[in-house]
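Everything on this sheet refers to the single structure shown next.
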Amino acid sequence: MACRSCRRQFTLLARQTNAFTEIQNAAALRQFTHQTFDPRRPTSDQKRGFRTTPRQSGIRDTIAKLFRQSTEPYRVVQATEDIYKACAREALYTISEKDRKAGTIPKTAEGEDIGEGKTMWHTDFNLPPTFSTWSQVTMLHMYLVFARLRNLERDTARSWQRQLVDHFFFDAEAKMDLSHGISSRTLRHGYLKDLFVQWRGVIAAYDEGVVKGDPVLAAAVWRNVFKARDDVDPRAIAAIVSWLRLCLKMLDQIPDEALYYQVEAVFKWPAKNELALVDKPARELEGQLMQEPPIQKVAV
């Protein structure tokens, strides 16, 4: 496990370093092009004013900038790992080692391993403790973070989003190997490709729901999280939709510089709390709903 963790951290850091270098090179090229071909640039025969004379503070700023650039990949990897862990723990499940070795793991009708889970998503929303449930609930939380990261500068947002996705797929592959006994790397990579297709579909479906309204968003939740089952409680879907809207609003209120350590606080508000709001009659229906008359006891 230690070797797997080391490889994962090294790969993430290498990817982030390469991506950050590409971003810096692109920015430097744009700046060079702008300075070289800017028609407003002063000609060489103009006299230099005191305001253009280099100062010692410029050296300090340059050193500080270089230090930030060298430490940025480490900061991004660590911050996105913390954010990912907050997303992944919401629907955690375990597979009994004894059942796995004996081959007695219970299965769903689709043949998926059923583990043990005691989170809100398992107990209150009646979702089975499976890999599918864990991945869909994790992607649901990741989508909320993705939507908020879009407000950042484009290159920064892409860098953070890329690292967040890498954490998810590294963890998913580890679960396939360690929890479900899929030792074939080729087979795992095939499943990961299918999972990536699901992830892209999740982004498109939830984006459409956020833009077009709650009915479309509810349909996306029903298809992805509940696998379009017929026995789903509509109250559960409505509660999750309400929770999604609330989380998006809370994330939007977090300043950019505080986003990376306040995301976990947003997820501490459980989706099941929205059931109280779902059960509350709308204002338009107040006084119009028929109330059952009290049962009178008949004297014998």
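Naming scheme: A, B, ... for chains in displayed order of the structure tokens; residues 1 onward per chain; ligands 1 onward as shown.
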Residues near region 165-175 of chain A, anyone? I mean within 8 Å using only C-alpha atoms, not counting same-chain ones fewer than 2 positions away, as a CSV table (one decimal) with N, CA and C atoms, in the first residue's frame.
```
chain,number,residue,atom,x,y,z
A,8,ARG,N,1.3,7.1,-6.5
A,8,ARG,CA,0.2,8.1,-6.8
A,8,ARG,C,0.7,9.5,-6.5
A,12,LEU,N,0.9,12.4,-9.5
A,12,LEU,CA,0.1,13.7,-9.4
A,12,LEU,C,1.0,14.9,-9.4
A,80,THR,N,-6.1,19.9,-3.4
A,80,THR,CA,-7.1,19.1,-4.1
A,80,THR,C,-7.3,17.7,-3.4
A,81,GLU,N,-6.3,17.2,-2.8
A,81,GLU,CA,-6.4,15.9,-2.1
A,81,GLU,C,-7.4,16.1,-0.9
A,84,TYR,N,-10.9,16.4,-2.3
A,84,TYR,CA,-11.4,15.1,-2.8
A,84,TYR,C,-11.8,14.2,-1.6
A,135,SER,N,-19.2,5.8,-6.2
A,135,SER,CA,-18.7,6.7,-7.3
A,135,SER,C,-19.6,7.7,-7.7
A,161,GLN,N,-9.0,21.4,-11.4
A,161,GLN,CA,-10.0,20.4,-11.8
A,161,GLN,C,-9.2,19.1,-12.2
A,162,ARG,N,-8.1,19.3,-12.9
A,162,ARG,CA,-7.4,18.1,-13.4
A,162,ARG,C,-6.9,17.3,-12.2
A,163,GLN,N,-6.3,18.0,-11.2
A,163,GLN,CA,-5.8,17.2,-10.0
A,163,GLN,C,-7.0,16.6,-9.3
A,177,ASP,N,-8.9,-2.8,-6.9
A,177,ASP,CA,-7.9,-3.8,-6.6
A,177,ASP,C,-8.0,-4.4,-5.2
A,178,LEU,N,-8.0,-3.5,-4.2
A,178,LEU,CA,-8.0,-3.9,-2.8
A,178,LEU,C,-9.3,-4.4,-2.3
A,179,SER,N,-10.4,-3.7,-2.7
A,179,SER,CA,-11.7,-4.1,-2.1
A,179,SER,C,-12.4,-5.1,-2.9
A,180,HIS,N,-12.3,-5.1,-4.2
A,180,HIS,CA,-13.0,-6.0,-5.1
A,180,HIS,C,-12.2,-7.1,-5.7
A,188,ARG,N,-8.9,-3.4,-15.0
A,188,ARG,CA,-9.2,-2.2,-14.2
A,188,ARG,C,-9.3,-0.9,-15.1
A,189,HIS,N,-8.3,-0.9,-16.1
A,189,HIS,CA,-8.3,0.3,-17.0
A,189,HIS,C,-9.5,0.3,-17.9
A,192,LEU,N,-12.1,1.8,-15.7
A,192,LEU,CA,-11.9,3.2,-15.5
A,192,LEU,C,-12.3,4.0,-16.7
```
Residues at most 10 Å from Glu264 (chain A), counting only C-alpha atoms, excluding those fewer than 2 positions away in the same chain, as a PyMOL selection string?
chain A and resi 82-87+259-262+266-269
Residues near Leu152 (chain A), cut-off 12 Å, only C-alpha atoms, skip fewer than 6 positions along chain, as a ChimeraX atom specification:
/A:145-146,158-161,252,255-257,259-260
Keeping only C-alpha atoms, write the selected residues to a file as a tab-separated table (two decimals), in the first residue's frame.
```
chain	number	residue	atom	x	y	z
A	145	VAL	CA	-16.60	21.79	-6.61
A	146	PHE	CA	-16.07	21.82	-10.40
A	158	ARG	CA	-8.21	23.68	-15.20
A	159	SER	CA	-5.18	22.86	-13.07
A	160	TRP	CA	-7.27	22.31	-9.93
A	161	GLN	CA	-9.96	20.38	-11.79
A	252	ASP	CA	-20.55	30.81	-4.44
A	255	PRO	CA	-14.07	33.88	-1.47
A	256	ASP	CA	-11.62	32.43	-3.96
A	257	GLU	CA	-8.70	32.55	-1.56
A	259	LEU	CA	-12.31	28.11	-1.18
A	260	TYR	CA	-9.68	25.41	-0.76
```
Provide the CA of Thr133 (chain A) to CA of Met120 (chain A) distance in Å, to one decimal place.
12.0 Å
Per-residue DSSP, region 56-290 of chain A, filtered to alpha helix (DSSP H), as a count of residues only:
159
Could you name the residues that touch region 232-248 of chain A at 6 Å or less, counting only C-alpha atoms, but leaving out those on the same chain fewer than 4 positions away, as an MDAnalysis selection string?
chainID A and resid 271 274:275
Could you save the residues just selected, with C-alpha atoms, as a CSV table (one decimal), in the first residue's frame?
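Everything below was put into result31.csv:
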```csv
chain,number,residue,atom,x,y,z
A,271,ALA,CA,-28.8,16.3,2.2
A,274,GLU,CA,-33.7,19.1,3.1
A,275,LEU,CA,-36.5,16.5,3.7
```
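For the atom pair formed by CA of Gly117 (chain A) and CA of Gly103 (chain A), the distance is 19.2 Å, given to one decimal.
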